[in-house]
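K.L.:
Enclosed is the structure file structure04.cif (mmCIF, C-alpha atoms).
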data_final
loop_
_atom_site.group_PDB
_atom_site.id
_atom_site.type_symbol
_atom_site.label_atom_id
_atom_site.label_comp_id
_atom_site.auth_asym_id
_atom_site.auth_seq_id
_atom_site.Cartn_x
_atom_site.Cartn_y
_atom_site.Cartn_z
ATOM 1 C CA MET A 1 0.000 0.000 0.000
ATOM 2 C CA THR A 2 1.297 3.456 -0.880
ATOM 3 C CA SER A 3 1.693 6.086 1.798
ATOM 4 C CA PRO A 4 -0.831 8.899 2.144
ATOM 5 C CA ALA A 5 1.552 11.104 0.143
ATOM 6 C CA GLY A 6 1.472 8.586 -2.727
ATOM 7 C CA ILE A 7 4.972 7.320 -2.084
ATOM 8 C CA PRO A 8 5.373 3.580 -2.701
ATOM 9 C CA SER A 9 6.442 1.350 0.151
ATOM 10 C CA TYR A 10 9.745 -0.489 0.256
ATOM 11 C CA LEU A 11 8.012 -3.776 -0.583
ATOM 12 C CA GLN A 12 6.256 -2.229 -3.569
ATOM 13 C CA VAL A 13 9.508 -0.812 -4.953
ATOM 14 C CA VAL A 14 11.543 -3.998 -4.542
ATOM 15 C CA ALA A 15 8.984 -5.817 -6.721
ATOM 16 C CA LEU A 16 10.420 -3.783 -9.622
ATOM 17 C CA PRO A 17 13.563 -4.989 -11.420
ATOM 18 C CA ARG A 18 16.723 -4.283 -9.423
ATOM 19 C CA GLU A 19 19.165 -2.481 -11.677
ATOM 20 C CA CYS A 20 21.902 -1.641 -9.198
ATOM 21 C CA GLY A 21 23.088 -3.056 -5.897
ATOM 22 C CA PRO A 22 23.058 -3.966 -3.251
ATOM 23 C CA VAL A 23 25.756 -1.403 -2.533
ATOM 24 C CA LEU A 24 27.316 -0.939 0.907
ATOM 25 C CA ILE A 25 27.666 2.822 1.437
ATOM 26 C CA PRO A 26 31.321 3.682 2.151
ATOM 27 C CA SER A 27 32.520 6.515 4.370
ATOM 28 C CA ALA A 28 33.694 8.389 1.250
ATOM 29 C CA TYR A 29 30.011 8.973 0.357
ATOM 30 C CA GLU A 30 29.260 10.858 3.595
ATOM 31 C CA ASP A 31 28.812 14.617 3.466
ATOM 32 C CA GLU A 32 29.202 17.266 6.134
ATOM 33 C CA ASN A 33 25.656 16.582 7.388
ATOM 34 C CA GLY A 34 26.400 12.967 8.286
ATOM 35 C CA HIS A 35 24.472 11.243 5.478
ATOM 36 C CA MET A 36 25.125 10.220 1.888
ATOM 37 C CA ASN A 37 25.940 13.186 -0.352
ATOM 38 C CA ILE A 38 23.424 14.039 -3.065
ATOM 39 C CA ARG A 39 25.838 13.255 -5.894
ATOM 40 C CA HIS A 40 25.893 9.586 -4.879
ATOM 41 C CA TYR A 41 22.096 9.302 -4.874
ATOM 42 C CA PHE A 42 22.152 10.766 -8.387
ATOM 43 C CA ASP A 43 25.037 8.563 -9.597
ATOM 44 C CA LEU A 44 23.410 5.345 -8.369
ATOM 45 C CA GLU A 45 20.005 6.270 -9.767
ATOM 46 C CA ALA A 46 21.433 7.427 -13.110
ATOM 47 C CA GLN A 47 23.342 4.128 -13.333
ATOM 48 C CA ALA A 48 20.051 2.261 -12.880
ATOM 49 C CA ILE A 49 18.381 4.250 -15.675
ATOM 50 C CA ALA A 50 21.415 3.537 -17.894
ATOM 51 C CA GLU A 51 20.968 -0.192 -17.199
ATOM 52 C CA VAL A 52 17.373 0.025 -18.430
ATOM 53 C CA PHE A 53 18.464 1.900 -21.551
ATOM 54 C CA ASP A 54 21.149 -0.734 -22.200
ATOM 55 C CA ARG A 55 18.470 -3.426 -21.920
ATOM 56 C CA LEU A 56 16.452 -1.503 -24.510
ATOM 57 C CA GLY A 57 19.434 -1.823 -26.840
ATOM 58 C CA ILE A 58 20.705 1.762 -26.511
ATOM 59 C CA THR A 59 24.323 0.667 -26.111
ATOM 60 C CA ASP A 60 27.686 1.867 -27.383
ATOM 61 C CA ASP A 61 27.213 -0.471 -30.355
ATOM 62 C CA TYR A 62 23.806 1.103 -31.081
ATOM 63 C CA ARG A 63 25.304 4.586 -30.937
ATOM 64 C CA SER A 64 28.207 3.686 -33.214
ATOM 65 C CA THR A 65 26.286 1.614 -35.790
ATOM 66 C CA ARG A 66 23.025 3.562 -35.940
ATOM 67 C CA GLY A 67 24.298 6.964 -34.935
ATOM 68 C CA GLN A 68 21.432 7.400 -32.470
ATOM 69 C CA GLY A 69 21.062 7.515 -28.712
ATOM 70 C CA PHE A 70 19.277 9.137 -25.791
ATOM 71 C CA PHE A 71 19.731 12.654 -24.449
ATOM 72 C CA THR A 72 18.318 13.487 -21.050
ATOM 73 C CA ALA A 73 15.908 16.368 -21.537
ATOM 74 C CA GLU A 74 14.882 16.734 -17.899
ATOM 75 C CA HIS A 75 15.419 15.085 -14.564
ATOM 76 C CA HIS A 76 14.001 15.548 -11.112
ATOM 77 C CA ILE A 77 15.316 14.023 -7.901
ATOM 78 C CA ARG A 78 13.412 13.708 -4.637
ATOM 79 C CA TYR A 79 14.641 12.627 -1.220
ATOM 80 C CA TYR A 80 12.430 10.764 1.246
ATOM 81 C CA ALA A 81 14.855 9.303 3.811
ATOM 82 C CA GLU A 82 18.488 9.671 4.769
ATOM 83 C CA VAL A 83 21.044 7.053 3.809
ATOM 84 C CA HIS A 84 24.030 6.606 6.120
ATOM 85 C CA VAL A 85 27.481 5.081 5.901
ATOM 86 C CA GLY A 86 27.180 1.320 6.384
ATOM 87 C CA ASP A 87 23.656 1.092 4.962
ATOM 88 C CA ARG A 88 23.022 -1.200 2.001
ATOM 89 C CA VAL A 89 21.088 0.318 -0.878
ATOM 90 C CA SER A 90 19.620 -0.963 -4.140
ATOM 91 C CA VAL A 91 18.119 0.855 -7.070
ATOM 92 C CA HIS A 92 15.035 -0.357 -8.916
ATOM 93 C CA ALA A 93 13.623 1.208 -12.069
ATOM 94 C CA GLN A 94 10.690 1.349 -14.409
ATOM 95 C CA ILE A 95 9.614 3.101 -17.556
ATOM 96 C CA VAL A 96 6.557 5.202 -16.795
ATOM 97 C CA GLU A 97 5.461 6.006 -20.334
ATOM 98 C CA ARG A 98 6.729 6.631 -23.838
ATOM 99 C CA SER A 99 5.895 8.352 -27.089
ATOM 100 C CA ASP A 100 7.460 7.638 -30.477
ATOM 101 C CA LYS A 101 10.515 9.770 -29.504
ATOM 102 C CA VAL A 102 10.558 10.116 -25.709
ATOM 103 C CA VAL A 103 10.929 7.806 -22.696
ATOM 104 C CA HIS A 104 9.816 8.847 -19.212
ATOM 105 C CA ALA A 105 11.523 6.651 -16.603
ATOM 106 C CA MET A 106 12.049 6.512 -12.847
ATOM 107 C CA ALA A 107 14.704 5.057 -10.579
ATOM 108 C CA PHE A 108 13.906 4.247 -6.945
ATOM 109 C CA LEU A 109 16.803 4.116 -4.472
ATOM 110 C CA VAL A 110 15.850 2.016 -1.467
ATOM 111 C CA ASP A 111 17.732 1.619 1.771
ATOM 112 C CA ASP A 112 17.711 -2.147 2.245
ATOM 113 C CA THR A 113 19.020 -1.709 5.790
ATOM 114 C CA THR A 114 16.074 0.381 6.986
ATOM 115 C CA GLU A 115 13.625 -0.931 4.348
ATOM 116 C CA ARG A 116 12.649 2.550 3.214
ATOM 117 C CA LEU A 117 12.423 4.380 -0.086
ATOM 118 C CA ALA A 118 15.215 6.939 0.147
ATOM 119 C CA SER A 119 15.052 8.773 -3.178
ATOM 120 C CA THR A 120 13.630 8.829 -6.684
ATOM 121 C CA LEU A 121 15.120 10.079 -9.920
ATOM 122 C CA GLU A 122 12.662 10.888 -12.674
ATOM 123 C CA VAL A 123 14.073 11.238 -16.192
ATOM 124 C CA THR A 124 12.690 12.292 -19.539
ATOM 125 C CA ALA A 125 15.007 11.159 -22.324
ATOM 126 C CA THR A 126 14.691 11.968 -25.995
ATOM 127 C CA HIS A 127 15.825 9.677 -28.803
ATOM 128 C CA VAL A 128 18.245 11.624 -30.997
ATOM 129 C CA ASP A 129 20.231 11.405 -34.194
ATOM 130 C CA LEU A 130 23.808 11.930 -33.012
ATOM 131 C CA THR A 131 24.839 13.607 -36.275
ATOM 132 C CA SER A 132 22.032 16.160 -36.604
ATOM 133 C CA ARG A 133 21.562 16.379 -32.801
ATOM 134 C CA ARG A 134 17.803 16.372 -33.425
ATOM 135 C CA VAL A 135 15.067 14.295 -31.845
ATOM 136 C CA VAL A 136 13.995 11.371 -34.047
ATOM 137 C CA PRO A 137 11.458 8.555 -33.691
ATOM 138 C CA PHE A 138 12.490 5.161 -32.339
ATOM 139 C CA ALA A 139 13.125 2.433 -34.879
ATOM 140 C CA ALA A 140 10.550 -0.357 -34.655
ATOM 141 C CA ASP A 141 12.898 -2.689 -32.735
ATOM 142 C CA VAL A 142 13.619 -0.028 -30.099
ATOM 143 C CA ALA A 143 9.925 0.853 -29.769
ATOM 144 C CA ASP A 144 9.208 -2.866 -29.291
ATOM 145 C CA ALA A 145 11.932 -3.098 -26.619
ATOM 146 C CA VAL A 146 10.445 -0.121 -24.767
ATOM 147 C CA ASP A 147 6.999 -1.710 -24.945
ATOM 148 C CA ARG A 148 8.380 -5.010 -23.576
ATOM 149 C CA GLU A 149 9.975 -3.081 -20.711
ATOM 150 C CA LEU A 150 6.655 -1.365 -19.985
ATOM 151 C CA ALA A 151 4.858 -4.721 -20.069
ATOM 152 C CA GLY A 152 7.440 -6.173 -17.674
ATOM 153 C CA THR A 153 6.271 -3.805 -14.937
ATOM 154 C CA ALA A 154 2.563 -3.914 -15.806
ATOM 155 C CA HIS A 155 1.996 -5.785 -12.515
ATOM 156 C CA VAL A 156 2.718 -2.584 -10.583
ATOM 157 C CA ASP A 157 -0.553 -1.541 -8.972
ATOM 158 C CA TRP A 158 0.580 1.849 -7.689
ATOM 159 C CA PRO A 159 1.154 5.077 -9.563
ATOM 160 C CA ALA A 160 4.711 6.261 -10.035
ATOM 161 C CA PRO A 161 5.290 9.297 -7.800
ATOM 162 C CA VAL A 162 6.017 11.619 -10.709
ATOM 163 C CA CYS A 163 6.636 15.297 -10.042
ATOM 164 C CA GLY A 164 3.986 16.375 -12.543
ATOM 165 C CA ALA A 165 6.208 18.977 -14.193
ATOM 166 C CA MET A 166 7.751 16.671 -16.770
ATOM 167 C CA GLY A 167 7.068 13.599 -18.848
ATOM 168 C CA VAL A 168 5.878 12.729 -22.320
ATOM 169 C CA ARG A 169 4.072 15.701 -23.716
ATOM 170 C CA ALA A 170 1.680 15.580 -26.632
ATOM 171 C CA ARG A 171 2.330 18.238 -29.223
ATOM 172 C CA ALA A 172 -0.708 20.380 -29.863
ATOM 173 C CA ALA A 173 -2.300 19.965 -33.292
ATOM 174 C CA ARG A 174 -1.123 22.652 -35.684
#
Using the file provided, produce a representation of the structure as structure tokens.
P.N.:
Amino acid sequence: MTSPAGIPSYLQVVALPRECGPVLIPSAYEDENGHMNIRHYFDLEAQAIAEVFDRLGITDDYRSTRGQGFFTAEHHIRYYAEVHVGDRVSVHAQIVERSDKVVHAMAFLVDDTTERLASTLEVTATHVDLTSRRVVPFAADVADAVDRELAGTAHVDWPAPVCGAMGVRARAAR
């Protein structure tokens, strides 16, 4: 059951694919406030999103042979609980939605030690031609891979805690 604020529980999140971890938080990650520094939340969550994109086939080989890839258009990070040195964390991820050119995804960093959701990273990524640097539609095989990824988390019975300020936007009819 989600919390009153719409934040998924630890058990709900860990039902998603684990993309990263478990990672034991080293003392080098601690900031002056006595918890994990923000850059490490971001790095771990961005790594999880990259794992999903790799699974979709957006790899170095894809970039070099097709000349296409993803650019992050927006991201939003939220913090729900502190992570401390010595805690074990994992990052789970899901694609929230897609269009023919854009993927909206989320990473969920959980503290496995305290069994709490610690942070989320929400990303909107555009599919681009790396030569023209312009947004282009997915090829059919990539669109199919995104759809398979979406179907793989169709069992999720809670809404992703999106910020509401970003995502796949429909272009108004001209």
K.L.:
Any idea what's packed within 10 Å of His92 in chain A, counting all atoms listed in the file, ignoring anything in its chain fewer than 6 positions away? Could you give it as a list in words?
P.N.:
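After dropping sequence-adjacent residues, the list is Val13, Val14, Ala15, Leu16, Pro17, Arg18, Glu19, Cys20, Gly21, Glu45, Ala48, Ile49, Val52, Met106, Ala107, Phe108, Leu109, Val110 and Thr120 of chain A.
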K.L.:
Could you jot down the CA of Gln68 in chain A to CA of His127 in chain A separation for me, Å, one decimal place?
P.N.:
7.1 Å
K.L.:
For CA of Tyr10 in chain A and CA of Thr126 in chain A, determine how far apart the two atoms are, in Å to one decimal place.
P.N.:
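Between CA of Tyr10 in chain A and CA of Thr126 in chain A the gap is 29.5 Å.
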K.L.:
Show me a table, sorted first by chain and then by increasing residue number, of the residues of range 32-70 of chain A having an atom at most 9 Å from range 142-156 of chain A, each with its shortest atom pair and the distance in Å to one decimal, counting only C-alpha atoms and written as CSV.
P.N.:
residue,atom,partner,partner_atom,distance
A:Val52,CA,A:Glu149,CA,8.3
A:Phe53,CA,A:Val146,CA,8.9
A:Arg55,CA,A:Ala145,CA,8.1
A:Leu56,CA,A:Ala145,CA,5.2
A:Gly57,CA,A:Val142,CA,6.9
A:Ile58,CA,A:Val142,CA,8.1
K.L.:
Write to file, as a PDB file, in the coordinates of the input, the residues of the selection just made, with C-alpha atoms.
P.N.:
ATOM      1  CA  VAL A  52      17.373   0.025 -18.430  1.00  0.00           C
ATOM      2  CA  PHE A  53      18.464   1.900 -21.551  1.00  0.00           C
ATOM      3  CA  ARG A  55      18.470  -3.426 -21.920  1.00  0.00           C
ATOM      4  CA  LEU A  56      16.452  -1.503 -24.510  1.00  0.00           C
ATOM      5  CA  GLY A  57      19.434  -1.823 -26.840  1.00  0.00           C
ATOM      6  CA  ILE A  58      20.705   1.762 -26.511  1.00  0.00           C
TER       7      ILE A  58
END
K.L.:
Can you list what the PyMOL selection byres ((chain A and resi 77) around 7) grabs from this structure, as a list in words?
P.N.:
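For this structure, the PyMOL selection byres ((chain A and resi 77) around 7) captures His75, His76, Arg78, Tyr79, Thr120, Leu121 and Glu122 of chain A.
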